[in-house]
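K.L.:
There's a structure below that I have some questions on.
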There are 2 protein chains.
Amino acid sequence: MPTIYDVAEACGVAPSTVSRAFSRPGRVNADTAARIRRVAEEMGYRANPLARALPTGKTSLLALVVSDVTNPFYFEIIRGAELAATEADYTLLVADVHESATAERTALERALPLVEGVVLGTSRMSDSTIRVMAKQRPTVVLNRVLTGIPSVITDNARGTRRAVEHLAELGHRSLAYVAGPEASWADGMRWRAMRETAEELSLRVHRVGPYAPTLTGGTEAALAVAGSPATAVVAYNDLVAIGLMRGLAAAGVRVPRDVSVVGFDDIFGAELCSPALTTVAAPLQSLGRFAVQTLLSGMRSRTPPDARAALLPAQLVVRESTARRSSRRRGA
Amino acid sequence: MPTIYDVAEACGVAPSTVSRAFSRPGRVNADTAARIRRVAEEMGYRANPLARALPTGKTSLLALVVSDVTNPFYFEIIRGAELAATEADYTLLVADVHESATAERTALERALPLVEGVVLGTSRMSDSTIRVMAKQRPTVVLNRVLTGIPSVITDNARGTRRAVEHLAELGHRSLAYVAGPEASWADGMRWRAMRETAEELSLRVHRVGPYAPTLTGGTEAALAVAGSPATAVVAYNDLVAIGLMRGLAAAGVRVPRDVSVVGFDDIFGAELCSPALTTVAAPLQSLGRFAVQTLLSGMRSRTPPDARAALLPAQLVVRESTARRSSRRRGA
DNA sequence: CACCGGATGGCAATCGGTTGCCATGACTTG
DNA sequence: CAAGTCATGGCAACCGATTGCCATCCGGTG
C-alpha cells in the first residue's frame, strides 16, 4: 500500500503537501493539488484510517450496542442506524451483547477507544454505569430515558392509549395486560398508560406476569389469560403476543373470536403469524436513524446536547387479532 | 486517558518497560511487572487500540458484510459470527450493503484497511471483484463457492434430496420448484439437486420463476403454482415459501390440504406462520461461527488456507405445511 | 581473576498521517 | 523603493504503542 511519502516522492513534494492536498483544499496551489491527486490515483493511494485516527481521534466509527441481534425488534433499528451513519460518512459497528450486562461492559470497553460515539439500544446496564460510559464518549440511549443523556424513545403512552381505545370501540370492557420484565422501562410506561386510559374509559383492567419477553414467555401467559375474565389482552411486545396466541390456541381459546390480542412494536413476523397481529407499531427504522442523527449532532456541537428525550410517534396497526367482543362471554 | 508514558513516569521506568510488562510476560522482572500493573490499574490505564494497531497492523477487528441486515436469514449467522469472533478476542464489524454491489464496494474500501479479515455473506459482487478484495485481506465467502477462496456453504444437495424424498413419501408425484434470483448460486444448486432426485424417484418436476427472494416474490408465484399440476412445491427460500402460502390462501388453495410447501433455511418466522413451514433448515449459527473460525485459522497460518468449500449439513424440519397428497387431485 | 552468558531495562526508530510554525517569493501599496 | 500581505511549500513535532539493539549488572566458570 502506497503512503503519502510514496506519493510525495513521486511528485517531488513534501509529505505534508500531499496530506494537505487531500484534507485542506485551497491550502495548496490548485495545479499542484491536481497533480498530486492524479499521481495518488494512479498509484492507488488510500489514506490509512488508523494513521489518521491516531493524532486526530477521528475514526469515523460509531457503535450500536444491541441486547440481542437475533431479536427482530432490532432489525429495522440497525438498518436505520446504518443508513444514517453511512450518510454522514461513518461506519457502524454493531455489537451484540446477548442479554448480558457483563458482555455489554466488555464490548464497550473494547469498542469505546475505537469509536467516536455510541448508541445504546435497550441497555442492560445500570443507570450509573451508563453515565460513566457516557462521560467517555458521546452517547445516545434508545428505548429508555436517562436524565442528562439524550434519549430516543417511542411514544408509548399515546400508542397504548390508541390500543385501549381501539379495544373499547370494539366493545371490550375487561382488559388484561401481559407484563414483560420488571426492569424494562417500556413495560412500566405501557402498563401505566394502560391503567390510566382504562380508568378514563371506565374499563376494568388487570395485570398478569411478569413474563420473559419471548415467545415462550407469551405461551406461559396463556393460562393466566384464559383463566381471567378479560376479553381483550394487551401484551408487552409482539413476541409475547404471538406466543400468547399460540398458547391460547393450544388451550382451545380462539383469537380474535374469544379474545382479542394486541402487541407492541410491529416486528417482522407480526404480519406473518395467524391471525395476523394487531399491534402498536414503533417507527423502528426511524428510531435507529434518529438515534444516530442525534448522536452526530451532539458530537458536532461543542455545547452539551439537549438531553431531553425525543419522542417518536407510534401507530396502531389493526390486523386480524382484534375483533368486536363476541356476545357469548367467556370466563367469570 | 493515561498512556504508557504516564504509567512509566509514575513507576520510574521507561515506557518500553511498561509496554513489555503487558505484552511480553517474562521479559520484565516479575516484581517490576507486578508494580507496573498495579500502578496502571490504579491510574485506569487502557492500551489505545489505534496506537497499537498502527505499527503492528493488529486491529482485532473482523468485518462481516451482509447483503441485507433486515433479512432474517442473517440473524443467526450474525450471532454465530459474533460469538466466534468474541471467543477469539476479536470484534465484529457488521456492514449492511442493502443489496447493492456499489454499496458493497464502498463499504469494503472503507472497512478493509481497518480490519484483519473479511467474511462475505452472500456477496453481490462479481467473482473477479471478490478475488481482488481477497488479495488485500484474508477472506471467507458464505453461501457461495469461489475456487481459490475458502467458502462455507450449506449442503444444499443433500437438503434438497431430503425434502424431495419427504414429499415422495407423502405420495406426491408431481412437484414444482419456485425459483429465486438467477444470479443466486444456491438457487442453481437447489434446482439441480431437485431435478436429479426427482428423476431418481421418477417424479415429475417443473420450475416456475424466477421470482424475487421476498414475501412479495412468493405471493406472485402463487398464480403460477395454482395453475400447475403440482401437488407439492419446493420454494427457493422460506420468505418465498411463506409469501407463496399467503398467495395460495388468497387464491383459495389450502396448504397443506391441496398443496404441500417446503422452504429453505428455517429462518425466524418459519415456525410462526400458519401453517408452520416445513423447511430445509440451514445451520445458520454454525455457518456464521464456522466462517469466522475458518477465517481466523487462515489468518494464523502462514500457508494459504485450504480453499475447498466446507459443507455444513442441512436438516429437514417437518412442520405443518406438508401432508399426504389428498385423494381429490387438483389442476390438470 | 578474566571471561561469558543470562536477566533486565533503556534508547530510539517506526507505523502514516496531521498541523503549527517558519521560509520564501511574488505582488501590492504608500 | 521599502514595507507589508498573501500564497505556497517544507520542517519537524506529535499521536501512543511496539520492538530491535545496546548497556549494565549479576552470578557462574575455567
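Quick note on naming: the chains in the C-alpha cells go A, B, ... in the order shown, residues restart at 1 in each chain, and ligands are numbered from 1 in order of appearance.
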If the cut-off is 8 Å, can you tell me the residues of chain B near chain D, counting only C-alpha atoms (C1' of nucleotides)? I'd like them as a PyMOL selection string.
P.N.:
chain B and resi 3-4+19+47-48+51-52+55-56
K.L.:
With all heavy atoms kept, could you save the residues just selected as an mmCIF file, in the first residue's frame?
P.N.:
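What ended up in result-v8.cif:
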data_model
loop_
_atom_site.group_PDB
_atom_site.id
_atom_site.type_symbol
_atom_site.label_atom_id
_atom_site.label_comp_id
_atom_site.auth_asym_id
_atom_site.auth_seq_id
_atom_site.Cartn_x
_atom_site.Cartn_y
_atom_site.Cartn_z
ATOM 1 N N THR B 3 -1.503 7.207 29.386
ATOM 2 C CA THR B 3 -0.781 6.429 28.376
ATOM 3 C C THR B 3 0.351 5.663 29.048
ATOM 4 O O THR B 3 0.589 5.834 30.254
ATOM 5 C CB THR B 3 -0.178 7.355 27.324
ATOM 6 O OG1 THR B 3 0.889 8.097 27.939
ATOM 7 C CG2 THR B 3 -1.222 8.329 26.805
ATOM 8 N N ILE B 4 1.068 4.879 28.288
ATOM 9 C CA ILE B 4 2.186 4.171 28.901
ATOM 10 C C ILE B 4 3.227 5.150 29.434
ATOM 11 O O ILE B 4 3.959 4.831 30.345
ATOM 12 C CB ILE B 4 2.892 3.197 27.933
ATOM 13 C CG1 ILE B 4 3.197 3.862 26.615
ATOM 14 C CG2 ILE B 4 2.122 1.929 27.733
ATOM 15 C CD1 ILE B 4 4.161 3.037 25.792
ATOM 16 N N SER B 19 5.301 -1.164 28.339
ATOM 17 C CA SER B 19 4.739 -1.893 27.209
ATOM 18 C C SER B 19 5.013 -3.384 27.358
ATOM 19 O O SER B 19 4.116 -4.218 27.223
ATOM 20 C CB SER B 19 5.346 -1.373 25.908
ATOM 21 O OG SER B 19 4.978 -2.184 24.827
ATOM 22 N N ALA B 47 -4.763 0.323 27.135
ATOM 23 C CA ALA B 47 -3.981 0.494 25.908
ATOM 24 C C ALA B 47 -4.875 1.066 24.814
ATOM 25 O O ALA B 47 -6.025 0.687 24.683
ATOM 26 C CB ALA B 47 -3.399 -0.836 25.467
ATOM 27 N N ASN B 48 -4.329 1.976 24.064
ATOM 28 C CA ASN B 48 -5.060 2.554 22.946
ATOM 29 C C ASN B 48 -4.943 1.623 21.738
ATOM 30 O O ASN B 48 -3.860 1.440 21.185
ATOM 31 C CB ASN B 48 -4.463 3.923 22.637
ATOM 32 C CG ASN B 48 -5.158 4.584 21.477
ATOM 33 O OD1 ASN B 48 -5.670 3.913 20.590
ATOM 34 N ND2 ASN B 48 -5.166 5.895 21.487
ATOM 35 N N ALA B 51 -3.239 3.043 18.576
ATOM 36 C CA ALA B 51 -1.791 3.205 18.640
ATOM 37 C C ALA B 51 -1.115 1.850 18.493
ATOM 38 O O ALA B 51 -0.066 1.726 17.876
ATOM 39 C CB ALA B 51 -1.400 3.847 19.964
ATOM 40 N N ARG B 52 -1.733 0.841 19.045
ATOM 41 C CA ARG B 52 -1.157 -0.487 18.931
ATOM 42 C C ARG B 52 -1.239 -0.980 17.486
ATOM 43 O O ARG B 52 -0.336 -1.620 16.966
ATOM 44 C CB ARG B 52 -1.891 -1.450 19.858
ATOM 45 C CG ARG B 52 -1.131 -2.762 20.044
ATOM 46 C CD ARG B 52 -2.047 -3.905 20.396
ATOM 47 N NE ARG B 52 -2.919 -3.620 21.519
ATOM 48 C CZ ARG B 52 -2.574 -3.781 22.782
ATOM 49 N NH1 ARG B 52 -1.375 -4.190 23.090
ATOM 50 N NH2 ARG B 52 -3.440 -3.513 23.737
ATOM 51 N N PRO B 55 1.615 0.378 14.279
ATOM 52 C CA PRO B 55 2.828 -0.332 13.888
ATOM 53 C C PRO B 55 2.630 -1.815 13.642
ATOM 54 O O PRO B 55 3.317 -2.397 12.822
ATOM 55 C CB PRO B 55 3.776 -0.109 15.062
ATOM 56 C CG PRO B 55 2.894 0.210 16.212
ATOM 57 C CD PRO B 55 1.647 0.811 15.678
ATOM 58 N N THR B 56 1.722 -2.446 14.321
ATOM 59 C CA THR B 56 1.605 -3.899 14.238
ATOM 60 C C THR B 56 0.605 -4.378 13.191
ATOM 61 O O THR B 56 0.672 -5.516 12.753
ATOM 62 C CB THR B 56 1.157 -4.488 15.586
ATOM 63 O OG1 THR B 56 -0.125 -3.946 15.914
ATOM 64 C CG2 THR B 56 2.138 -4.150 16.674
#
K.L.:
Could you tell me which residues of chain B sit within 9 Å of chain C when counting only C-alpha atoms (C1' of nucleotides), and give me the result as number ranges by chain?
P.N.:
B: 13-17, 27-29, 51, 53-57
K.L.:
Kindly save the residues from that selection, with C-alpha atoms included, as a PDB file, in the first residue's frame.
P.N.:
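What landed in result.pdb:
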ATOM      1  CA  VAL B  13      10.693   3.201  34.472  1.00  0.00           C
ATOM      2  CA  ALA B  14      10.874   3.621  30.708  1.00  0.00           C
ATOM      3  CA  PRO B  15       7.746   3.427  28.547  1.00  0.00           C
ATOM      4  CA  SER B  16       9.144   0.405  26.778  1.00  0.00           C
ATOM      5  CA  THR B  17       9.235  -1.445  30.054  1.00  0.00           C
ATOM      6  CA  ARG B  27      10.656 -10.219  29.567  1.00  0.00           C
ATOM      7  CA  VAL B  28      10.424  -7.947  32.598  1.00  0.00           C
ATOM      8  CA  ASN B  29      11.361  -8.731  36.173  1.00  0.00           C
ATOM      9  CA  ALA B  51      -1.791   3.205  18.640  1.00  0.00           C
ATOM     10  CA  ALA B  53      -2.618  -1.198  15.540  1.00  0.00           C
ATOM     11  CA  LEU B  54      -0.567   1.375  13.692  1.00  0.00           C
ATOM     12  CA  PRO B  55       2.828  -0.332  13.888  1.00  0.00           C
ATOM     13  CA  THR B  56       1.605  -3.899  14.238  1.00  0.00           C
ATOM     14  CA  GLY B  57      -1.373  -3.952  11.918  1.00  0.00           C
TER      15      GLY B  57
END
K.L.:
Please tabulate, as a Markdown table, the residues of chain B that come within 6 Å of chain A, each with its closest pair of atoms and the distance in Å to one decimal, counting only C-alpha atoms and ordering rows by chain, then residue number upward.
P.N.:
| residue | atom | partner | partner_atom | distance |
| --- | --- | --- | --- | --- |
| B:Thr70 | CA | A:Phe75 | CA | 4.9 |
| B:Phe75 | CA | A:Thr70 | CA | 4.9 |
| B:Leu93 | CA | A:Leu93 | CA | 4.9 |
| B:Val94 | CA | A:Val94 | CA | 5.9 |
| B:Gly269 | CA | A:Gly269 | CA | 5.7 |
| B:Leu272 | CA | A:Cys273 | CA | 5.4 |
| B:Cys273 | CA | A:Cys273 | CA | 4.5 |
| B:Ser274 | CA | A:Ser274 | CA | 5.5 |
K.L.:
Might you pull out every residue within 10 Å of segment 161-178 of chain A, with only C-alpha atoms (C1' of nucleotides) counted and same-chain residues fewer than 6 positions away left off, and present them as number ranges by chain?
P.N.:
A: 187, 190-191, 193-198, 201-211, 213, 217-218, 221-222, 224-225, 228-237, 240-241, 244, 259-264, 278-280, 314-318, 322-327
K.L.:
Just the alpha helix (DSSP H) stuff from segment 195-253 of chain B, please, per backbone DSSP, written as a PyMOL selection string.
P.N.:
chain B and resi 195-200+215-226+238-250
K.L.:
With only C-alpha atoms (C1' of nucleotides) as the counted atoms, please give the residues lying no more than 7 Å from Val118 of chain B, apart from itself and same-chain residues fewer than 2 positions off, as a PyMOL selection string.
P.N.:
chain B and resi 62-64+120+137-140
